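Pasting query-v8.txt here (compact mmCIF, C-alpha atoms):
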```
# COMPACT_ATOMS: atom_id res chain seq x y z
CA MET I 245 36.58 51.68 148.17
CA ALA I 246 36.21 52.87 144.55
CA ASP I 247 36.23 56.62 143.82
CA GLU I 248 32.64 56.68 142.61
CA ASN I 249 31.49 55.11 145.89
CA ILE I 250 33.35 57.78 147.83
CA VAL I 251 31.61 60.53 145.87
CA ASP I 252 28.22 58.90 146.44
CA GLU I 253 28.88 58.67 150.15
CA VAL I 254 29.75 62.38 150.45
CA VAL I 255 26.72 63.48 148.45
CA ASP I 256 24.31 61.35 150.47
CA THR I 257 25.70 62.51 153.83
CA LYS I 258 23.68 65.20 155.58
CA VAL I 259 25.55 67.23 158.16
CA VAL I 260 23.37 68.76 160.93
CA GLN I 261 24.31 72.29 161.94
CA PRO I 262 22.88 74.66 164.50
CA ALA I 263 19.60 76.32 163.64
CA GLY I 264 19.85 79.39 161.42
CA SER I 265 22.93 78.19 159.69
CA GLU I 266 22.52 77.50 155.96
CA GLN I 267 26.08 76.79 154.87
CA VAL I 268 27.74 74.07 156.83
CA GLY I 269 30.93 73.62 154.89
CA ALA I 270 32.70 73.59 151.55
CA ASP I 271 35.22 71.41 149.90
CA PRO I 272 38.82 72.68 149.84
CA ALA I 273 38.52 73.73 146.22
CA GLY I 274 35.29 75.63 146.88
CA SER I 275 33.45 73.74 144.20
CA VAL I 276 31.03 71.77 146.39
CA VAL I 277 28.88 73.30 149.18
CA LEU I 278 26.74 71.17 151.46
CA THR I 279 23.64 72.82 152.94
CA ASP I 280 20.60 72.00 155.06
CA ALA I 281 18.40 72.94 152.10
CA PRO I 282 16.64 70.03 150.38
CA ARG I 283 18.88 68.63 147.66
CA GLU I 284 17.53 68.40 144.12
CA ASP I 285 18.56 65.19 142.38
CA LYS I 286 20.30 65.71 139.02
CA PRO I 287 20.21 63.17 136.18
CA VAL I 288 23.03 60.65 136.33
CA SER I 289 25.37 60.29 133.37
CA ALA I 290 23.68 57.10 132.19
CA PRO I 291 20.49 55.19 133.01
CA ALA I 292 20.85 52.69 135.79
CA ASP I 293 20.22 49.78 133.44
CA TRP I 294 23.14 50.76 131.15
CA PRO I 295 26.30 48.73 131.92
CA ALA I 296 29.48 50.54 132.86
CA ASP I 297 31.19 49.28 129.70
CA TRP I 298 28.48 50.50 127.30
CA ARG I 299 31.07 52.32 125.18
CA GLU I 300 33.18 49.20 124.74
CA ARG I 301 30.13 47.13 123.86
CA ALA I 302 28.93 49.66 121.30
CA ALA I 303 32.43 49.92 119.76
CA ALA I 304 32.60 46.12 119.33
CA GLY I 305 36.38 46.15 119.20
CA ASP I 306 36.70 49.15 116.88
CA GLU I 307 39.31 51.39 118.51
CA LYS I 308 38.42 54.42 116.39
CA LYS I 309 34.75 54.08 117.25
CA LEU I 310 35.60 53.66 120.94
CA SER I 311 37.73 56.79 120.82
CA ARG I 312 34.80 58.78 119.45
CA LEU I 313 32.36 57.31 121.97
CA GLN I 314 34.64 58.38 124.81
CA ARG I 315 33.94 61.99 123.89
CA TYR I 316 30.40 61.61 125.21
CA ALA I 317 29.48 61.42 128.88
CA SER I 318 26.44 59.24 128.37
CA PRO I 319 24.24 57.53 125.79
CA GLN I 320 21.84 60.44 126.19
CA ALA I 321 24.59 62.81 125.08
CA ILE I 322 25.12 60.74 121.94
CA ALA I 323 21.40 60.81 121.17
CA ASP I 324 21.30 64.59 121.62
CA ALA I 325 24.29 65.03 119.32
CA LEU I 326 22.73 62.81 116.64
CA ILE I 327 19.44 64.68 116.69
CA ALA I 328 21.24 68.02 116.54
CA ALA I 329 23.34 66.87 113.57
CA GLN I 330 20.29 65.63 111.69
CA ALA I 331 18.46 68.88 112.36
CA LYS I 332 21.41 70.89 111.07
CA LEU I 333 21.68 68.71 107.98
CA SER I 334 18.00 69.08 107.18
CA GLU I 335 18.36 72.84 107.45
CA THR I 336 21.31 73.05 105.03
CA ARG I 337 20.54 70.32 102.47
CA PRO I 338 17.50 70.68 100.25
CA VAL I 339 15.03 67.84 100.05
CA LEU I 340 13.74 66.47 96.75
CA GLY I 341 10.24 65.10 96.82
CA LYS I 342 9.32 61.73 95.32
CA ASP I 343 7.16 63.26 92.58
CA ALA I 344 9.23 66.41 92.07
CA ARG I 345 8.57 68.45 88.96
CA PRO I 346 11.39 69.07 86.44
CA GLU I 347 11.91 72.63 87.68
CA GLU I 348 12.18 71.34 91.26
CA VAL I 349 14.77 68.78 90.19
CA ALA I 350 16.74 71.49 88.41
CA ALA I 351 16.64 73.71 91.50
CA TYR I 352 17.70 70.81 93.71
CA ARG I 353 20.69 70.01 91.48
CA GLU I 354 21.68 73.64 91.26
CA ALA I 355 21.64 73.95 95.06
CA LEU I 356 23.99 70.97 95.36
CA GLY I 357 26.24 71.98 92.46
CA ILE I 358 25.14 69.05 90.29
CA PRO I 359 25.65 69.81 86.58
CA ALA I 360 22.76 69.96 84.15
CA SER I 361 23.89 66.83 82.28
CA PRO I 362 26.19 63.82 82.96
CA ASP I 363 28.91 64.99 80.54
CA LYS I 364 29.28 68.24 82.49
CA TYR I 365 30.83 66.61 85.56
CA ASP I 366 34.35 67.98 86.05
CA LEU I 367 36.79 65.07 85.75
CA SER I 368 39.95 67.14 85.31
CA GLY I 369 42.96 65.77 87.15
CA LEU I 370 41.61 62.22 87.32
CA GLU I 371 43.81 59.56 85.71
CA LEU I 372 41.34 57.58 83.61
CA VAL I 373 42.08 54.96 80.96
CA ASP I 374 40.73 55.74 77.49
CA THR I 375 39.56 52.16 76.94
CA GLU I 376 37.32 52.47 80.00
CA LYS I 377 35.56 55.62 78.74
CA PRO I 378 32.32 53.83 77.67
CA MET I 379 31.99 52.31 81.12
CA ILE I 380 32.73 55.66 82.80
CA ASP I 381 30.13 57.40 80.63
CA LYS I 382 27.56 54.81 81.72
CA PHE I 383 28.47 55.42 85.37
CA LEU I 384 28.13 59.20 84.93
CA ALA I 385 24.65 58.76 83.46
CA THR I 386 23.60 56.68 86.46
CA ALA I 387 25.27 59.06 88.91
CA HIS I 388 23.46 62.03 87.41
CA ALA I 389 20.12 60.23 87.52
CA GLU I 390 20.75 59.52 91.22
CA HIS I 391 21.70 63.17 91.84
CA MET I 392 25.28 62.44 92.92
CA THR I 393 27.26 65.57 93.71
CA PRO I 394 30.49 66.38 91.83
CA SER I 395 32.47 65.54 94.95
CA GLN I 396 30.85 62.13 95.23
CA VAL I 397 31.47 61.41 91.55
CA ARG I 398 35.14 62.42 91.75
CA GLN I 399 35.73 60.37 94.89
CA THR I 400 34.07 57.33 93.33
CA LEU I 401 36.05 57.56 90.08
CA GLN I 402 39.29 58.24 91.93
CA SER I 403 38.80 55.13 94.04
CA TYR I 404 37.89 53.12 90.95
CA GLY I 405 41.01 54.38 89.14
CA GLU I 406 43.26 53.39 92.02
CA ILE I 407 41.71 49.93 92.22
CA SER I 408 41.88 49.50 88.44
CA GLU I 409 45.56 50.50 88.33
CA GLU I 410 46.41 48.13 91.14
CA MET I 411 44.66 45.30 89.30
CA ARG I 412 46.56 46.09 86.08
CA ASN I 413 49.88 46.09 87.92
CA GLN I 414 49.05 42.77 89.52
CA ARG I 415 48.09 41.36 86.12
CA LEU I 416 51.37 42.54 84.57
CA LYS I 417 53.37 41.03 87.42
CA LEU I 418 51.52 37.74 87.08
CA ASP I 419 52.06 37.73 83.29
CA GLU I 420 55.80 38.25 83.79
CA ASP I 421 55.93 35.37 86.24
CA ILE I 422 54.03 33.07 83.85
CA LYS I 423 56.32 34.05 80.97
CA SER I 424 59.46 33.41 83.02
CA GLN I 425 58.20 30.02 84.21
CA ALA I 426 57.23 29.01 80.66
CA GLU I 427 60.65 29.98 79.31
CA ASP I 428 62.43 28.01 82.02
CA LYS I 429 60.31 24.93 81.34
CA LEU I 430 60.77 25.07 77.55
CA ARG I 431 64.52 25.69 77.81
CA SER I 432 64.80 22.67 80.08
CA GLU I 433 62.74 20.47 77.74
CA TRP I 434 64.04 21.69 74.36
CA GLY I 435 67.65 22.24 75.34
CA ASN I 436 69.76 23.43 72.39
CA ASP I 437 66.68 23.42 70.14
CA TYR I 438 65.01 26.16 72.18
CA ARG I 439 65.97 29.01 69.87
CA VAL I 440 65.42 26.92 66.73
CA ASN I 441 61.94 25.93 67.85
CA LEU I 442 61.00 29.53 68.59
CA ASN I 443 62.21 30.55 65.14
CA LEU I 444 60.17 27.77 63.57
CA LEU I 445 57.15 28.90 65.54
CA THR I 446 57.69 32.49 64.42
CA ASN I 447 57.90 31.42 60.78
CA LEU I 448 54.70 29.42 61.18
CA LEU I 449 52.82 32.41 62.59
CA ASP I 450 54.16 34.59 59.77
CA THR I 451 52.15 32.45 57.35
CA ALA I 452 48.89 33.28 59.13
CA PRO I 453 46.47 35.84 57.62
CA SER I 454 47.10 39.49 58.40
CA GLY I 455 46.39 40.33 62.03
CA VAL I 456 45.92 36.73 63.19
CA ARG I 457 49.40 36.49 64.68
CA GLU I 458 48.91 39.62 66.82
CA GLN I 459 45.46 38.55 67.99
CA LEU I 460 46.73 35.10 68.86
CA LEU I 461 49.83 36.18 70.77
CA HIS I 462 48.01 39.01 72.59
CA GLY I 463 45.06 36.81 73.52
CA ARG I 464 44.46 34.78 76.68
CA LEU I 465 43.28 31.29 77.48
CA ALA I 466 40.14 30.66 79.52
CA ASP I 467 42.19 30.62 82.73
CA GLY I 468 43.74 34.01 81.93
CA THR I 469 47.14 32.70 80.82
CA PRO I 470 48.58 34.69 77.88
CA ILE I 471 48.57 32.44 74.81
CA GLY I 472 52.13 33.45 73.97
CA SER I 473 53.27 32.20 77.41
CA SER I 474 51.34 28.93 77.46
CA VAL I 475 53.73 25.96 77.40
CA GLU I 476 51.05 23.67 76.01
CA VAL I 477 50.09 26.04 73.18
CA LEU I 478 53.69 26.78 72.22
CA LYS I 479 54.55 23.06 72.13
CA PHE I 480 51.46 22.36 70.03
CA LEU I 481 52.28 25.07 67.48
CA THR I 482 55.93 24.07 67.39
CA GLY I 483 54.84 20.51 66.60
CA ILE I 484 52.90 21.81 63.59
CA ALA I 485 55.92 23.86 62.52
CA ARG I 486 58.14 20.79 62.79
CA GLU I 487 55.76 18.77 60.63
CA ARG I 488 55.99 21.43 57.94
CA ASN I 489 59.74 21.79 58.29
CA PRO I 490 61.24 18.55 59.69
CA SER I 491 64.82 19.69 59.19
CA GLY I 492 64.29 22.61 61.53
CA VAL I 493 65.74 25.07 59.04
CA THR I 494 64.45 28.58 59.67
CA VAL I 495 64.18 31.57 57.40
CA PRO I 496 64.19 35.28 58.27
CA SER I 497 60.73 36.57 59.20
CA GLY I 498 58.72 38.09 56.40
CA THR I 499 60.13 36.01 53.52
CA THR I 500 58.78 33.00 51.65
CA THR I 501 60.29 29.86 53.15
CA THR I 502 61.42 28.14 49.95
CA GLN I 503 62.77 31.23 48.21
CA GLY I 504 64.40 32.55 51.38
CA LEU I 505 66.23 29.31 52.08
CA GLN I 506 67.37 28.96 48.47
CA ASP I 507 68.76 32.47 48.52
CA GLU I 508 70.55 31.83 51.82
CA LEU I 509 72.02 28.59 50.49
CA ALA I 510 73.24 30.33 47.34
CA LYS I 511 74.85 33.08 49.41
CA ILE I 512 76.84 30.62 51.54
CA GLU I 513 77.95 28.67 48.47
CA LYS I 514 79.15 31.90 46.91
CA THR I 515 81.22 32.61 50.03
CA MET I 516 82.65 29.11 49.81
CA ARG I 517 83.75 29.75 46.26
CA GLU I 518 85.06 33.27 46.59
CA ASN I 519 86.34 33.35 50.18
CA ARG I 520 86.95 29.83 51.39
CA ASN I 521 89.04 30.98 54.37
CA GLU I 522 86.11 33.01 55.73
CA TYR I 523 83.84 30.00 55.42
CA ASN I 524 86.35 27.70 57.13
CA ARG I 525 86.70 30.11 60.07
CA ASP I 526 82.94 30.56 60.56
CA GLU I 527 81.57 27.47 62.36
CA GLN I 528 78.05 28.90 62.49
CA MET I 529 78.05 29.37 58.72
CA GLN I 530 79.18 25.79 58.28
CA GLN I 531 76.44 24.50 60.57
CA ARG I 532 73.88 26.59 58.77
CA TYR I 533 75.06 25.27 55.44
CA ARG I 534 74.59 21.68 56.63
CA GLN I 535 71.05 22.51 57.76
CA LEU I 536 70.25 24.04 54.41
CA LEU I 537 71.59 21.00 52.58
CA GLU I 538 69.38 18.73 54.71
CA TRP I 539 66.41 20.91 53.88
CA LYS I 540 67.25 20.84 50.16
CA MET I 541 67.56 17.06 50.19
CA ALA I 542 64.24 16.75 52.00
CA GLN I 543 62.58 19.03 49.43
CA GLU I 544 64.02 17.01 46.56
CA GLY I 545 62.85 13.79 48.23
CA ARG I 546 59.29 15.09 48.43
CA ALA I 547 59.42 16.18 44.82
CA ALA I 548 60.57 12.74 43.75
```

Represent the supplied structure as structure tokens.
Amino acid sequence: MADENIVDEVVDTKVVQPAGSEQVGADPAGSVVLTDAPREDKPVSAPADWPADWRERAAAGDEKKLSRLQRYASPQAIADALIAAQAKLSETRPVLGKDARPEEVAAYREALGIPASPDKYDLSGLELVDTEKPMIDKFLATAHAEHMTPSQVRQTLQSYGEISEEMRNQRLKLDEDIKSQAEDKLRSEWGNDYRVNLNLLTNLLDTAPSGVREQLLHGRLADGTPIGSSVEVLKFLTGIARERNPSGVTVPSGTTTTQGLQDELAKIEKTMRENRNEYNRDEQMQQRYRQLLEWKMAQEGRAA
């Protein structure tokens, strides 16, 4: 038999004692005394129509909620606690009427520690990004109009800052992955021309109007891919660069292509004349000289 049935059986049992005797017995611990006197029924811990697992049903699988519900002996106890909490809250927190006058609003804000204007909220210690300041200022204006307390504002901005930082870190990680994948694909496709093609692309972008190169390389496509890491864009621009410079001869960034290549060609030819041994030992210089000669011949062919 379950424990609760045992308790019910003891309570409902009436022991008959000789006349004139009030106390008929006590439990060993002295906490329960059975008497002949009429017994007054006390409220049970929960209404009869409440199921035994009412806490579990109310928690709906939430262990934290269940843990808190287990602190209460009955649903009635929860209701009493809720009403008491609401009464206490209404006593400590001022109430602002729907059609409150300006002086009433000011008094309400002062009681809750709300500053007189949105820019007076204390944001010290919060890590906020300067570029997001206009958006934060707009939030503060709304928060002040809704009478948000300084604590609520700080908690909201702190949560926003944490979410924003996490999103930036995820974006940076994704950008690095896209860049690495693009480099691997272009190296595989271009082979030994990988570095040459990038130099050609760089020289092409150097001819763009001031600021266009930075805006282009720091921009993003519609799908969020950085333009400077888009395989399709880089191949397209390299194709244009190749059309302008079929020989693939590159010139140091920041110089005029024709003049820069002519100067470089003249420098190598001077080395050939004055220090032939150095030229013969330097295979890269020899390869570069052949490229420059091809470029020169192509230029002369166009001129003809």

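For the residues I:Leu356, I:Leu537, I:Ile484, I:Ala510, ranking by smallest atom-to-atom distance to I:Leu340 using only C-alpha atoms places I:Leu356 first.
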
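Residue nearest I:Glu390, chosen from I:Ser408, I:Arg353, I:Asn524, I:Ser403 and counting all atoms listed in the file: I:Arg353.
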
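Distances to I:Val397 were evaluated for I:Ala426, I:Ala303, I:Ile512, I:Ile358 using all atoms listed in the file, and the minimum falls at I:Ile358.
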
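Excluding I:Leu430 and any residue on its chain fewer than 5 positions from it, the residues at most 9 Å away by only C-alpha atoms are Gln425, Gly435, Tyr438, Val475 and Lys479 of chain I.
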
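In terms of minimum interatomic distance to I:Asp363, I:Leu384 ranks closest within I:Leu384, I:Ala296, I:Leu313, I:Val456, counting all atoms listed in the file.
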
Next on the checklist: I'd like the neighbourhood of I:Arg532 as a PyMOL selection string, where a residue qualifies if any of its atoms comes within 10 Å (using all atoms listed in the file), though same-chain residues fewer than 2 positions away should be ignored.
Outcome noted: chain I and resi 493-494+508-509+512+527-530+534-538

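Here the question is which of I:Arg439, I:Lys514, I:Arg464, I:Lys377 gets nearest to I:Val477 using all atoms listed in the file, and that residue is I:Arg464.
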
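A straight line drawn from atom CA of I:Pro362 to atom CA of I:Asp381 is 7.9 Å long.
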
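Atom pair atom CA of I:Gly357 / atom CA of I:Met392: separated by 9.6 Å.
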